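J.: Structure file run_27.cif, mmCIF, C-alpha atoms, is pasted below:
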data_model
loop_
_atom_site.group_PDB
_atom_site.id
_atom_site.type_symbol
_atom_site.label_atom_id
_atom_site.label_comp_id
_atom_site.auth_asym_id
_atom_site.auth_seq_id
_atom_site.Cartn_x
_atom_site.Cartn_y
_atom_site.Cartn_z
ATOM 1 C CA MET A 1 5.099 -49.931 15.343
ATOM 2 C CA ASN A 2 8.395 -51.366 16.654
ATOM 3 C CA CYS A 3 11.764 -49.638 17.098
ATOM 4 C CA GLU A 4 13.099 -50.660 13.686
ATOM 5 C CA GLU A 5 10.024 -49.296 11.936
ATOM 6 C CA LEU A 6 10.193 -46.088 13.963
ATOM 7 C CA ILE A 7 13.786 -45.512 12.861
ATOM 8 C CA HIS A 8 12.797 -46.275 9.265
ATOM 9 C CA TYR A 9 10.141 -43.534 9.406
ATOM 10 C CA LEU A 10 12.119 -41.137 11.605
ATOM 11 C CA SER A 11 13.015 -38.555 8.945
ATOM 12 C CA ASP A 12 9.512 -38.563 7.473
ATOM 13 C CA TYR A 13 8.147 -38.097 10.989
ATOM 14 C CA ILE A 14 10.470 -35.135 11.613
ATOM 15 C CA ASP A 15 9.466 -33.621 8.264
ATOM 16 C CA ASN A 16 5.724 -34.171 8.909
ATOM 17 C CA GLY A 17 5.649 -36.467 5.895
ATOM 18 C CA LEU A 18 3.828 -39.443 7.385
ATOM 19 C CA THR A 19 0.224 -40.414 6.773
ATOM 20 C CA GLU A 20 -2.095 -39.762 9.687
ATOM 21 C CA LYS A 21 -2.179 -43.461 10.615
ATOM 22 C CA LEU A 22 1.610 -43.828 10.599
ATOM 23 C CA ARG A 23 2.026 -40.608 12.571
ATOM 24 C CA VAL A 24 -0.340 -41.854 15.264
ATOM 25 C CA ASP A 25 1.453 -45.246 15.345
ATOM 26 C CA ALA A 26 4.812 -43.467 15.656
ATOM 27 C CA GLU A 27 3.593 -41.268 18.489
ATOM 28 C CA GLU A 28 2.161 -44.236 20.367
ATOM 29 C CA HIS A 29 5.529 -45.975 20.111
ATOM 30 C CA LEU A 30 7.463 -42.846 21.110
ATOM 31 C CA ALA A 31 5.290 -42.401 24.199
ATOM 32 C CA THR A 32 6.456 -45.736 25.596
ATOM 33 C CA CYS A 33 9.974 -46.232 24.142
ATOM 34 C CA ARG A 34 12.686 -44.201 25.842
ATOM 35 C CA ASN A 35 15.413 -45.215 23.362
ATOM 36 C CA CYS A 36 13.458 -44.117 20.303
ATOM 37 C CA HIS A 37 12.510 -40.918 22.076
ATOM 38 C CA VAL A 38 16.206 -40.218 22.702
ATOM 39 C CA VAL A 39 17.011 -40.889 19.034
ATOM 40 C CA LEU A 40 14.230 -38.560 17.884
ATOM 41 C CA ASP A 41 15.267 -35.821 20.302
ATOM 42 C CA THR A 42 18.993 -36.052 19.472
ATOM 43 C CA THR A 43 18.319 -36.204 15.721
ATOM 44 C CA ARG A 44 16.345 -32.975 16.017
ATOM 45 C CA GLN A 45 19.201 -31.444 18.012
ATOM 46 C CA THR A 46 21.632 -32.606 15.317
ATOM 47 C CA ILE A 47 19.669 -30.771 12.630
ATOM 48 C CA VAL A 48 19.553 -27.588 14.719
ATOM 49 C CA LEU A 49 23.297 -27.760 15.417
ATOM 50 C CA PHE A 50 24.309 -28.096 11.779
ATOM 51 C CA LYS A 51 21.803 -25.498 10.639
ATOM 52 C CA GLU A 52 23.598 -23.068 12.949
ATOM 53 C CA THR A 53 27.190 -24.046 12.164
ATOM 54 C CA GLN A 54 26.916 -24.407 8.393
ATOM 55 C CA ARG A 55 25.444 -20.932 7.787
ATOM 56 C CA GLU A 56 28.686 -19.144 7.007
ATOM 57 C CA GLY A 57 28.546 -17.413 3.635
ATOM 58 C CA ILE A 58 31.248 -15.924 1.450
ATOM 59 C CA PRO A 59 33.717 -13.967 3.621
ATOM 60 C CA VAL A 60 32.646 -10.300 3.595
ATOM 61 C CA ASP A 61 35.955 -9.075 2.222
ATOM 62 C CA ARG A 62 35.719 -11.524 -0.706
ATOM 63 C CA ARG A 63 32.098 -11.052 -1.726
ATOM 64 C CA SER A 64 32.339 -7.841 -3.744
ATOM 65 C CA ALA A 65 35.673 -8.929 -5.208
ATOM 66 C CA LEU A 66 34.079 -12.133 -6.485
ATOM 67 C CA PHE A 67 31.176 -10.244 -8.028
ATOM 68 C CA GLY A 68 33.600 -7.812 -9.644
ATOM 69 C CA GLN A 69 35.577 -10.696 -11.137
ATOM 70 C CA LEU A 70 32.360 -12.199 -12.460
ATOM 71 C CA GLU A 71 31.272 -8.958 -14.126
ATOM 72 C CA LYS A 72 34.705 -8.566 -15.668
ATOM 73 C CA ALA A 73 34.801 -12.124 -16.987
ATOM 74 C CA LEU A 74 31.308 -11.762 -18.484
ATOM 75 C CA ALA A 75 32.221 -8.433 -20.111
ATOM 76 C CA THR A 76 35.298 -10.055 -21.644
ATOM 77 C CA ARG A 77 33.226 -12.907 -23.040
ATOM 78 C CA ARG A 78 30.580 -10.496 -24.379
ATOM 79 C CA SER A 79 33.165 -8.379 -26.166
ATOM 80 C CA GLY A 80 34.766 -11.515 -27.569
ATOM 81 C CA ARG A 81 31.497 -12.945 -28.917
ATOM 82 C CA GLY A 82 29.463 -9.819 -29.473
ATOM 83 C CA MET A 83 26.752 -11.306 -27.250
ATOM 84 C CA LEU A 84 26.273 -13.713 -24.370
ATOM 85 C CA MET B 1 12.093 -23.254 -0.424
ATOM 86 C CA LEU B 2 14.359 -21.669 -2.961
ATOM 87 C CA PRO B 3 14.351 -17.863 -2.842
ATOM 88 C CA PRO B 4 12.955 -15.959 -5.850
ATOM 89 C CA THR B 5 15.294 -15.756 -8.834
ATOM 90 C CA PRO B 6 15.403 -12.918 -11.423
ATOM 91 C CA SER B 7 13.663 -13.700 -14.707
ATOM 92 C CA ILE B 8 15.627 -15.539 -17.353
ATOM 93 C CA GLU B 9 14.631 -12.860 -19.895
ATOM 94 C CA SER B 10 16.244 -10.070 -17.884
ATOM 95 C CA LEU B 11 19.416 -12.121 -17.494
ATOM 96 C CA ARG B 12 19.520 -13.012 -21.189
ATOM 97 C CA ALA B 13 19.058 -9.310 -22.000
ATOM 98 C CA GLY B 14 22.198 -8.563 -19.983
ATOM 99 C CA ASP B 15 20.415 -6.463 -17.347
ATOM 100 C CA PRO B 16 23.156 -5.739 -14.767
ATOM 101 C CA ARG B 17 20.570 -5.407 -11.986
ATOM 102 C CA ALA B 18 19.329 -8.925 -12.754
ATOM 103 C CA LEU B 19 22.870 -10.308 -12.526
ATOM 104 C CA ALA B 20 23.416 -8.484 -9.237
ATOM 105 C CA ALA B 21 20.127 -9.828 -7.889
ATOM 106 C CA LEU B 22 20.980 -13.376 -8.971
ATOM 107 C CA PHE B 23 24.342 -13.142 -7.213
ATOM 108 C CA GLU B 24 22.824 -11.515 -4.134
ATOM 109 C CA VAL B 25 20.222 -14.224 -3.698
ATOM 110 C CA HIS B 26 22.249 -17.327 -4.538
ATOM 111 C CA ALA B 27 25.984 -16.688 -4.096
ATOM 112 C CA ASP B 28 26.152 -17.494 -0.375
ATOM 113 C CA ARG B 29 24.056 -20.616 -0.815
ATOM 114 C CA VAL B 30 26.213 -21.821 -3.696
ATOM 115 C CA TYR B 31 29.293 -21.104 -1.567
ATOM 116 C CA ARG B 32 27.904 -23.082 1.377
ATOM 117 C CA LEU B 33 27.143 -26.075 -0.826
ATOM 118 C CA ALA B 34 30.636 -25.953 -2.359
ATOM 119 C CA PHE B 35 32.358 -25.357 0.984
ATOM 120 C CA GLY B 36 30.268 -28.106 2.546
ATOM 121 C CA LEU B 37 31.602 -30.544 -0.036
ATOM 122 C CA LEU B 38 35.164 -29.279 -0.447
ATOM 123 C CA ARG B 39 35.907 -27.922 3.062
ATOM 124 C CA GLU B 40 38.250 -25.280 1.549
ATOM 125 C CA ARG B 41 37.380 -21.596 1.229
ATOM 126 C CA GLN B 42 39.418 -20.893 -1.886
ATOM 127 C CA ALA B 43 38.053 -23.929 -3.698
ATOM 128 C CA ALA B 44 34.500 -22.933 -2.698
ATOM 129 C CA GLU B 45 35.050 -19.392 -4.031
ATOM 130 C CA ASP B 46 36.334 -20.871 -7.296
ATOM 131 C CA VAL B 47 33.151 -22.934 -7.558
ATOM 132 C CA VAL B 48 31.019 -19.816 -7.000
ATOM 133 C CA GLN B 49 32.852 -18.053 -9.807
ATOM 134 C CA GLU B 50 32.637 -21.013 -12.155
ATOM 135 C CA THR B 51 28.953 -21.593 -11.365
ATOM 136 C CA PHE B 52 27.798 -18.055 -12.143
ATOM 137 C CA LEU B 53 30.041 -17.711 -15.176
ATOM 138 C CA SER B 54 28.918 -21.031 -16.627
ATOM 139 C CA THR B 55 25.254 -20.347 -15.902
ATOM 140 C CA MET B 56 25.349 -16.877 -17.477
ATOM 141 C CA THR B 57 27.195 -18.047 -20.583
ATOM 142 C CA HIS B 58 24.859 -20.993 -21.140
ATOM 143 C CA LEU B 59 21.548 -19.198 -20.604
ATOM 144 C CA ALA B 60 20.661 -19.803 -24.251
ATOM 145 C CA GLN B 61 20.716 -23.549 -23.623
ATOM 146 C CA PHE B 62 18.490 -23.341 -20.529
ATOM 147 C CA GLU B 63 15.267 -25.121 -21.467
ATOM 148 C CA GLY B 64 13.279 -24.486 -18.326
ATOM 149 C CA ARG B 65 12.713 -28.137 -17.403
ATOM 150 C CA SER B 66 13.774 -27.170 -13.877
ATOM 151 C CA SER B 67 13.973 -23.708 -12.326
ATOM 152 C CA LEU B 68 16.960 -21.482 -13.034
ATOM 153 C CA GLY B 69 17.688 -21.658 -9.294
ATOM 154 C CA THR B 70 18.019 -25.434 -9.171
ATOM 155 C CA TRP B 71 20.028 -25.343 -12.423
ATOM 156 C CA LEU B 72 22.520 -23.089 -10.657
ATOM 157 C CA TYR B 73 22.945 -25.563 -7.786
ATOM 158 C CA ARG B 74 23.294 -28.462 -10.226
ATOM 159 C CA VAL B 75 26.197 -26.616 -11.866
ATOM 160 C CA ALA B 76 27.744 -25.925 -8.453
ATOM 161 C CA TYR B 77 27.297 -29.528 -7.294
ATOM 162 C CA ASN B 78 28.892 -30.928 -10.442
ATOM 163 C CA ALA B 79 31.751 -28.407 -10.282
ATOM 164 C CA SER B 80 32.397 -29.417 -6.663
ATOM 165 C CA LEU B 81 32.354 -33.135 -7.506
ATOM 166 C CA THR B 82 34.792 -32.527 -10.356
ATOM 167 C CA ARG B 83 37.198 -30.864 -7.921
ATOM 168 C CA LEU B 84 36.815 -33.714 -5.447
ATOM 169 C CA ARG B 85 37.687 -36.217 -8.167
ATOM 170 C CA GLU B 86 40.817 -34.225 -8.980
ATOM 171 C CA ARG B 87 42.108 -34.669 -5.437
ATOM 172 C CA PRO B 88 44.487 -37.608 -5.602
ATOM 173 C CA SER B 89 44.391 -38.330 -1.891
ATOM 174 C CA GLU B 90 40.651 -38.723 -1.615
ATOM 175 C CA PRO B 91 38.503 -41.647 -2.653
ATOM 176 C CA LEU B 92 36.050 -40.829 -5.402
ATOM 177 C CA PRO B 93 32.611 -39.867 -4.165
ATOM 178 C CA THR B 94 30.325 -42.659 -5.209
ATOM 179 C CA ASP B 95 26.598 -42.882 -5.360
ATOM 180 C CA GLU B 96 25.628 -45.379 -2.707
ATOM 181 C CA PRO B 97 23.002 -47.919 -3.624
ATOM 182 C CA GLU B 98 19.725 -46.346 -2.537
ATOM 183 C CA PRO B 99 17.744 -49.415 -1.464
ATOM 184 C CA GLY B 100 18.303 -51.173 1.815
ATOM 185 C CA GLU B 101 17.824 -50.181 5.377
ATOM 186 C CA SER B 102 19.872 -47.588 7.192
ATOM 187 C CA PRO B 103 21.875 -48.888 10.154
ATOM 188 C CA LEU B 104 20.049 -48.644 13.463
ATOM 189 C CA PRO B 105 21.280 -46.082 16.011
ATOM 190 C CA ARG B 106 23.767 -47.629 18.444
ATOM 191 C CA THR B 107 24.433 -44.873 20.992
ATOM 192 C CA LEU B 108 21.338 -44.071 22.986
ATOM 193 C CA VAL B 109 22.493 -41.648 25.675
ATOM 194 C CA GLU B 110 20.808 -38.323 26.325
ATOM 195 C CA TRP B 111 23.069 -35.376 25.551
ATOM 196 C CA ASP B 112 24.329 -33.289 28.447
ATOM 197 C CA GLN B 113 24.646 -30.072 26.422
ATOM 198 C CA THR B 114 21.987 -28.037 24.704
ATOM 199 C CA PRO B 115 22.728 -27.062 21.076
ATOM 200 C CA GLU B 116 23.512 -23.538 22.343
ATOM 201 C CA GLU B 117 26.048 -24.851 24.866
ATOM 202 C CA MET B 118 27.668 -27.130 22.305
ATOM 203 C CA LEU B 119 28.089 -24.242 19.862
ATOM 204 C CA LEU B 120 29.996 -22.297 22.512
ATOM 205 C CA ASP B 121 32.250 -25.230 23.405
ATOM 206 C CA THR B 122 35.529 -25.597 21.459
ATOM 207 C CA GLU B 123 35.562 -29.379 21.645
ATOM 208 C CA GLY B 124 31.889 -29.475 20.733
ATOM 209 C CA ARG B 125 32.491 -27.407 17.588
ATOM 210 C CA ARG B 126 35.422 -29.630 16.678
ATOM 211 C CA GLN B 127 33.140 -32.654 16.897
ATOM 212 C CA LEU B 128 30.584 -30.980 14.647
ATOM 213 C CA GLU B 129 33.270 -30.250 12.042
ATOM 214 C CA SER B 130 34.582 -33.801 12.278
ATOM 215 C CA ALA B 131 31.065 -35.236 11.889
ATOM 216 C CA ILE B 132 30.241 -33.289 8.734
ATOM 217 C CA ALA B 133 33.705 -33.842 7.240
ATOM 218 C CA THR B 134 33.448 -37.609 7.546
ATOM 219 C CA LEU B 135 29.976 -37.832 6.026
ATOM 220 C CA PRO B 136 30.056 -39.158 2.429
ATOM 221 C CA GLU B 137 29.755 -36.247 -0.019
ATOM 222 C CA THR B 138 26.541 -37.440 -1.639
ATOM 223 C CA LEU B 139 24.827 -37.567 1.765
ATOM 224 C CA ARG B 140 26.391 -34.244 2.762
ATOM 225 C CA ALA B 141 24.997 -32.467 -0.299
ATOM 226 C CA ALA B 142 21.463 -33.722 0.381
ATOM 227 C CA PHE B 143 21.751 -32.714 4.044
ATOM 228 C CA ILE B 144 23.061 -29.216 3.249
ATOM 229 C CA LEU B 145 20.353 -28.429 0.701
ATOM 230 C CA ARG B 146 17.451 -29.897 2.704
ATOM 231 C CA ASP B 147 18.360 -29.143 6.324
ATOM 232 C CA VAL B 148 20.698 -26.149 6.129
ATOM 233 C CA GLU B 149 19.234 -24.311 3.113
ATOM 234 C CA GLU B 150 15.725 -25.688 3.686
ATOM 235 C CA PHE B 151 15.126 -26.524 0.024
ATOM 236 C CA SER B 152 12.110 -28.726 -0.629
ATOM 237 C CA THR B 153 12.666 -32.379 -1.508
ATOM 238 C CA GLN B 154 11.779 -31.615 -5.146
ATOM 239 C CA GLU B 155 14.201 -28.668 -5.314
ATOM 240 C CA THR B 156 16.960 -30.771 -3.769
ATOM 241 C CA ALA B 157 16.266 -33.591 -6.227
ATOM 242 C CA ASP B 158 16.446 -31.183 -9.181
ATOM 243 C CA SER B 159 19.640 -29.607 -7.819
ATOM 244 C CA LEU B 160 21.414 -32.940 -7.373
ATOM 245 C CA GLY B 161 19.979 -34.662 -10.440
ATOM 246 C CA ILE B 162 18.441 -37.520 -8.455
ATOM 247 C CA SER B 163 14.906 -38.663 -7.649
ATOM 248 C CA GLU B 164 12.907 -37.375 -4.687
ATOM 249 C CA GLY B 165 13.033 -40.871 -3.205
ATOM 250 C CA ALA B 166 16.827 -40.841 -3.380
ATOM 251 C CA VAL B 167 16.899 -37.436 -1.649
ATOM 252 C CA LYS B 168 14.806 -38.826 1.213
ATOM 253 C CA VAL B 169 17.063 -41.865 1.604
ATOM 254 C CA ARG B 170 20.237 -39.756 1.561
ATOM 255 C CA LEU B 171 18.827 -37.204 3.983
ATOM 256 C CA HIS B 172 17.726 -39.937 6.378
ATOM 257 C CA ARG B 173 21.148 -41.599 6.277
ATOM 258 C CA ALA B 174 22.926 -38.265 6.665
ATOM 259 C CA ARG B 175 20.893 -37.312 9.732
ATOM 260 C CA LEU B 176 21.426 -40.716 11.361
ATOM 261 C CA GLN B 177 25.180 -40.736 10.661
ATOM 262 C CA LEU B 178 25.658 -37.204 11.965
ATOM 263 C CA ARG B 179 23.575 -38.001 15.025
ATOM 264 C CA GLU B 180 25.564 -41.182 15.683
ATOM 265 C CA HIS B 181 28.861 -39.300 15.472
ATOM 266 C CA LEU B 182 27.694 -36.730 18.022
ATOM 267 C CA ALA B 183 26.050 -39.379 20.197
ATOM 268 C CA GLU B 184 29.365 -41.241 20.460
ATOM 269 C CA TYR B 185 30.993 -38.012 21.614
ATOM 270 C CA PHE B 186 28.309 -37.462 24.247
ATOM 271 C CA GLY B 187 28.505 -41.118 25.261
ATOM 272 C CA ALA B 188 32.252 -40.756 25.867
ATOM 273 C CA ARG B 189 31.641 -37.566 27.873
ATOM 274 C CA ALA B 190 29.079 -39.331 30.031
ATOM 275 C CA ALA B 191 31.468 -42.252 30.616
ATOM 276 C CA ARG B 192 34.267 -39.853 31.632
ATOM 277 C CA LYS B 193 31.963 -38.127 34.093
ATOM 278 C CA GLU B 194 31.113 -41.448 35.678
ATOM 279 C CA GLY B 195 34.801 -42.306 35.880
ATOM 280 C CA LYS B 196 34.611 -45.152 33.380
ATOM 281 C CA PRO B 197 37.655 -45.718 31.120
#
Written as structure tokens, that's how I'd like the structure from this file.

T.:
Amino acid sequence: MNCEELIHYLSDYIDNGLTEKLRVDAEEHLATCRNCHVVLDTTRQTIVLFKETQREGIPVDRRSALFGQLEKALATRRSGRGML
Amino acid sequence: MLPPTPSIESLRAGDPRALAALFEVHADRVYRLAFGLLRERQAAEDVVQETFLSTMTHLAQFEGRSSLGTWLYRVAYNASLTRLRERPSEPLPTDEPEPGESPLPRTLVEWDQTPEEMLLDTEGRRQLESAIATLPETLRAAFILRDVEEFSTQETADSLGISEGAVKVRLHRARLQLREHLAEYFGARAARKEGKP
């Protein structure tokens, strides 16, 4: 496997989605290619970083208000139509 | 994997506990998808409201070809795209052609911060925000559902209305583009440390 092929299969390798033969080929390449090893390592770090920073949910003070608005809107529609 | 969703029968019957459970399980995830695409809290809250209201009022039309969970995210994704299209200053999100190779990584430096250190660094967090904000929306949605929410490829495909192959291509491109953005930042840091212009 060369560098271009390794990059092509990089995401599948990270997700354990390669066949056994391709996985072995990828690991043989990674063992000897510093650049591809850096790309693999920094791609994994990238995923970890965004998993951490993109975890913010609905602001606490807005969550119950939003649910209340939803219940109210649904009740209005039910009373208008007699059913959902 | 998608978390468990209350049964469609209990929701159709108007069981308030089922509605509360549906909101409890999915509201934050829907918000994160919408915020990830729109980058505005108020707009993301509006999408949450619209998504649950639309889903609950169209339960009769739900045919069960996908799960109720992925249906919910499809509604949220489409509602977010509609809002993006209404923004006059932004180019329309377009579906990139799926075939073709992704560009090869250009910046090959090792990073001098661990993820933990970068998260504590103001400039580091600014770079993360800049990287995600400049990613095309279609790639961003695939990345958020697969790598942040940890949906399966099939669940992501159902949520976005695209094939599993297209999800894999978009995820791969998203990861490489985000990595490249951060790598350029770390490359510039390394050059500064060495006293290069």

J.: Starting from the shown file, work through the PyMOL selection byres ((chain B) within 6 of (chain A)) and note down what comes out as a ChimeraX atom specification.

T.: /B:28,57,115,148,172,179

J.: Do you know which residues the PyMOL selection byres ((chain B and resi 129-134) around 6) returns on this file, as a PyMOL selection string?

T.: chain B and resi 126-128+135+178+181

J.: Tell me, as a compact mmCIF listing (two decimals) with C-alpha atoms, in the frame of the given file, which residues lie within 12 Å of Ala190 in chain B, counting only C-alpha atoms; anything in the same chain fewer than 3 positions away does not count.

T.:
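Once everything was written out, this is result-v4.txt:
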# COMPACT_ATOMS: atom_id res chain seq x y z
CA THR B 107 24.43 -44.87 20.99
CA LEU B 108 21.34 -44.07 22.99
CA VAL B 109 22.49 -41.65 25.68
CA GLU B 110 20.81 -38.32 26.32
CA TRP B 111 23.07 -35.38 25.55
CA ASP B 112 24.33 -33.29 28.45
CA GLN B 113 24.65 -30.07 26.42
CA ALA B 183 26.05 -39.38 20.20
CA GLU B 184 29.36 -41.24 20.46
CA TYR B 185 30.99 -38.01 21.61
CA PHE B 186 28.31 -37.46 24.25
CA GLY B 187 28.50 -41.12 25.26
CA LYS B 193 31.96 -38.13 34.09
CA GLU B 194 31.11 -41.45 35.68
CA GLY B 195 34.80 -42.31 35.88
CA LYS B 196 34.61 -45.15 33.38
CA PRO B 197 37.66 -45.72 31.12

J.: Nearest to Gly14 in chain B among B:Ala79, B:Asp147, B:Arg175, B:Met56, with distances taken over only C-alpha atoms: which residue is it?

T.: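 Residue with the minimum atom-to-atom distance to Gly14 in chain B: B:Met56.
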
J.: Translate the PyMOL selection byres ((chain B and resi 174) around 10), as applied to the file shown, into an explicit residue set as a PDB file with C-alpha atoms, in the frame of the given file.

T.:
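Ended up saving to expr13.pdb:
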ATOM      1  CA  SER B 102      19.872 -47.588   7.192  1.00  0.00           C
ATOM      2  CA  ILE B 132      30.241 -33.289   8.734  1.00  0.00           C
ATOM      3  CA  LEU B 135      29.976 -37.832   6.026  1.00  0.00           C
ATOM      4  CA  PRO B 136      30.056 -39.158   2.429  1.00  0.00           C
ATOM      5  CA  GLU B 137      29.755 -36.247  -0.019  1.00  0.00           C
ATOM      6  CA  THR B 138      26.541 -37.440  -1.639  1.00  0.00           C
ATOM      7  CA  LEU B 139      24.827 -37.567   1.765  1.00  0.00           C
ATOM      8  CA  ARG B 140      26.391 -34.244   2.762  1.00  0.00           C
ATOM      9  CA  ALA B 141      24.997 -32.467  -0.299  1.00  0.00           C
ATOM     10  CA  ALA B 142      21.463 -33.722   0.381  1.00  0.00           C
ATOM     11  CA  PHE B 143      21.751 -32.714   4.044  1.00  0.00           C
ATOM     12  CA  ILE B 144      23.061 -29.216   3.249  1.00  0.00           C
ATOM     13  CA  LYS B 168      14.806 -38.826   1.213  1.00  0.00           C
ATOM     14  CA  VAL B 169      17.063 -41.865   1.604  1.00  0.00           C
ATOM     15  CA  ARG B 170      20.237 -39.756   1.561  1.00  0.00           C
ATOM     16  CA  LEU B 171      18.827 -37.204   3.983  1.00  0.00           C
ATOM     17  CA  HIS B 172      17.726 -39.937   6.378  1.00  0.00           C
ATOM     18  CA  ARG B 173      21.148 -41.599   6.277  1.00  0.00           C
ATOM     19  CA  ARG B 175      20.893 -37.312   9.732  1.00  0.00           C
ATOM     20  CA  LEU B 176      21.426 -40.716  11.361  1.00  0.00           C
ATOM     21  CA  GLN B 177      25.180 -40.736  10.661  1.00  0.00           C
ATOM     22  CA  LEU B 178      25.658 -37.204  11.965  1.00  0.00           C
ATOM     23  CA  ARG B 179      23.575 -38.001  15.025  1.00  0.00           C
ATOM     24  CA  GLU B 180      25.564 -41.182  15.683  1.00  0.00           C
TER      25      GLU B 180
END

J.: Distance cut-off 12 Å, centre (32.4, -23.1, -14.6) in file coordinates, counting only C-alpha atoms: which residues qualify? Return them as a list of chain:residue names.

T.: A:Leu70, A:Ala73, B:Glu45, B:Asp46, B:Val47, B:Val48, B:Gln49, B:Glu50, B:Thr51, B:Phe52, B:Leu53, B:Ser54, B:Thr55, B:Met56, B:Thr57, B:His58, B:Leu72, B:Tyr73, B:Arg74, B:Val75, B:Ala76, B:Tyr77, B:Asn78, B:Ala79, B:Ser80, B:Thr82, B:Arg83

J.: Write a file of the just-selected residues containing C-alpha atoms, as a PDB file, in the frame of the given file.

T.:
ATOM      1  CA  LEU A  70      32.360 -12.199 -12.460  1.00  0.00           C
ATOM      2  CA  ALA A  73      34.801 -12.124 -16.987  1.00  0.00           C
TER       3      ALA A  73
ATOM      4  CA  GLU B  45      35.050 -19.392  -4.031  1.00  0.00           C
ATOM      5  CA  ASP B  46      36.334 -20.871  -7.296  1.00  0.00           C
ATOM      6  CA  VAL B  47      33.151 -22.934  -7.558  1.00  0.00           C
ATOM      7  CA  VAL B  48      31.019 -19.816  -7.000  1.00  0.00           C
ATOM      8  CA  GLN B  49      32.852 -18.053  -9.807  1.00  0.00           C
ATOM      9  CA  GLU B  50      32.637 -21.013 -12.155  1.00  0.00           C
ATOM     10  CA  THR B  51      28.953 -21.593 -11.365  1.00  0.00           C
ATOM     11  CA  PHE B  52      27.798 -18.055 -12.143  1.00  0.00           C
ATOM     12  CA  LEU B  53      30.041 -17.711 -15.176  1.00  0.00           C
ATOM     13  CA  SER B  54      28.918 -21.031 -16.627  1.00  0.00           C
ATOM     14  CA  THR B  55      25.254 -20.347 -15.902  1.00  0.00           C
ATOM     15  CA  MET B  56      25.349 -16.877 -17.477  1.00  0.00           C
ATOM     16  CA  THR B  57      27.195 -18.047 -20.583  1.00  0.00           C
ATOM     17  CA  HIS B  58      24.859 -20.993 -21.140  1.00  0.00           C
ATOM     18  CA  LEU B  72      22.520 -23.089 -10.657  1.00  0.00           C
ATOM     19  CA  TYR B  73      22.945 -25.563  -7.786  1.00  0.00           C
ATOM     20  CA  ARG B  74      23.294 -28.462 -10.226  1.00  0.00           C
ATOM     21  CA  VAL B  75      26.197 -26.616 -11.866  1.00  0.00           C
ATOM     22  CA  ALA B  76      27.744 -25.925  -8.453  1.00  0.00           C
ATOM     23  CA  TYR B  77      27.297 -29.528  -7.294  1.00  0.00           C
ATOM     24  CA  ASN B  78      28.892 -30.928 -10.442  1.00  0.00           C
ATOM     25  CA  ALA B  79      31.751 -28.407 -10.282  1.00  0.00           C
ATOM     26  CA  SER B  80      32.397 -29.417  -6.663  1.00  0.00           C
ATOM     27  CA  THR B  82      34.792 -32.527 -10.356  1.00  0.00           C
ATOM     28  CA  ARG B  83      37.198 -30.864  -7.921  1.00  0.00           C
TER      29      ARG B  83
END

J.: Ranking B:Glu40, B:Gly69, B:Met1, B:Gln61 by minimum distance to Ala27 in chain B and counting all atoms listed in the file, which one comes first?

T.: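 Residue with the minimum atom-to-atom distance to Ala27 in chain B: B:Gly69.
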
J.: Around all listed atoms of range 24-38 of chain A, padded 8 Å per side, what centre and edge lengths does the axis-aligned box have in Å to one decimal, as lines of an AutoDock Vina configuration file?

T.:
center_x = 7.9
center_y = -43.2
center_z = 20.6
size_x = 32.5
size_y = 22.0
size_z = 26.6

J.: Hey, what's within 8 Å of His29 in chain A if we count only C-alpha atoms and toss same-chain stuff fewer than 5 positions away? As a list in words, please?

T.: Met1, Asn2, Cys3 and Leu6 of chain A

J.: Using CA of Leu160 in chain B and CA of Leu37 in chain B as the two end points, give the distance in Å to one decimal.

T.: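 If I compute the distance from CA of Leu160 in chain B to CA of Leu37 in chain B, I get 12.8 Å.
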
J.: If I take CA of Arg106 in chain B and CA of Leu30 in chain A, how far is one from the other in Å, to one decimal?

T.: 17.2 Å

J.: Just give me the gap between CA of Leu19 in chain B and CA of Pro4 in chain B in Å, one decimal is fine.

T.: 13.2 Å

J.: With C-alpha atoms as the atom set, please write range 1-22 of chain A from the structure just given, as a PDB file, in the first residue's frame.

T.:
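File produced: selection38.pdb:
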ATOM      1  CA  MET A   1       0.000   0.000   0.000  1.00  0.00           C
ATOM      2  CA  ASN A   2       1.345   3.477  -0.864  1.00  0.00           C
ATOM      3  CA  CYS A   3       0.609   6.824   0.806  1.00  0.00           C
ATOM      4  CA  GLU A   4      -2.233   7.739  -1.551  1.00  0.00           C
ATOM      5  CA  GLU A   5      -3.974   4.427  -0.937  1.00  0.00           C
ATOM      6  CA  LEU A   6      -3.469   4.762   2.812  1.00  0.00           C
ATOM      7  CA  ILE A   7      -5.162   8.166   2.795  1.00  0.00           C
ATOM      8  CA  HIS A   8      -7.976   6.747   0.660  1.00  0.00           C
ATOM      9  CA  TYR A   9      -8.622   4.054   3.291  1.00  0.00           C
ATOM     10  CA  LEU A  10      -7.864   6.228   6.322  1.00  0.00           C
ATOM     11  CA  SER A  11     -11.435   6.700   7.573  1.00  0.00           C
ATOM     12  CA  ASP A  12     -12.312   3.040   7.058  1.00  0.00           C
ATOM     13  CA  TYR A  13      -9.147   2.124   8.952  1.00  0.00           C
ATOM     14  CA  ILE A  14     -10.087   4.422  11.848  1.00  0.00           C
ATOM     15  CA  ASP A  15     -13.603   2.954  11.894  1.00  0.00           C
ATOM     16  CA  ASN A  16     -12.314  -0.657  11.752  1.00  0.00           C
ATOM     17  CA  GLY A  17     -14.094  -1.052   8.431  1.00  0.00           C
ATOM     18  CA  LEU A  18     -11.301  -2.581   6.368  1.00  0.00           C
ATOM     19  CA  THR A  19     -10.995  -6.204   5.327  1.00  0.00           C
ATOM     20  CA  GLU A  20      -8.327  -8.148   7.170  1.00  0.00           C
ATOM     21  CA  LYS A  21      -5.972  -8.007   4.173  1.00  0.00           C
ATOM     22  CA  LEU A  22      -6.325  -4.242   3.732  1.00  0.00           C
TER      23      LEU A  22
END
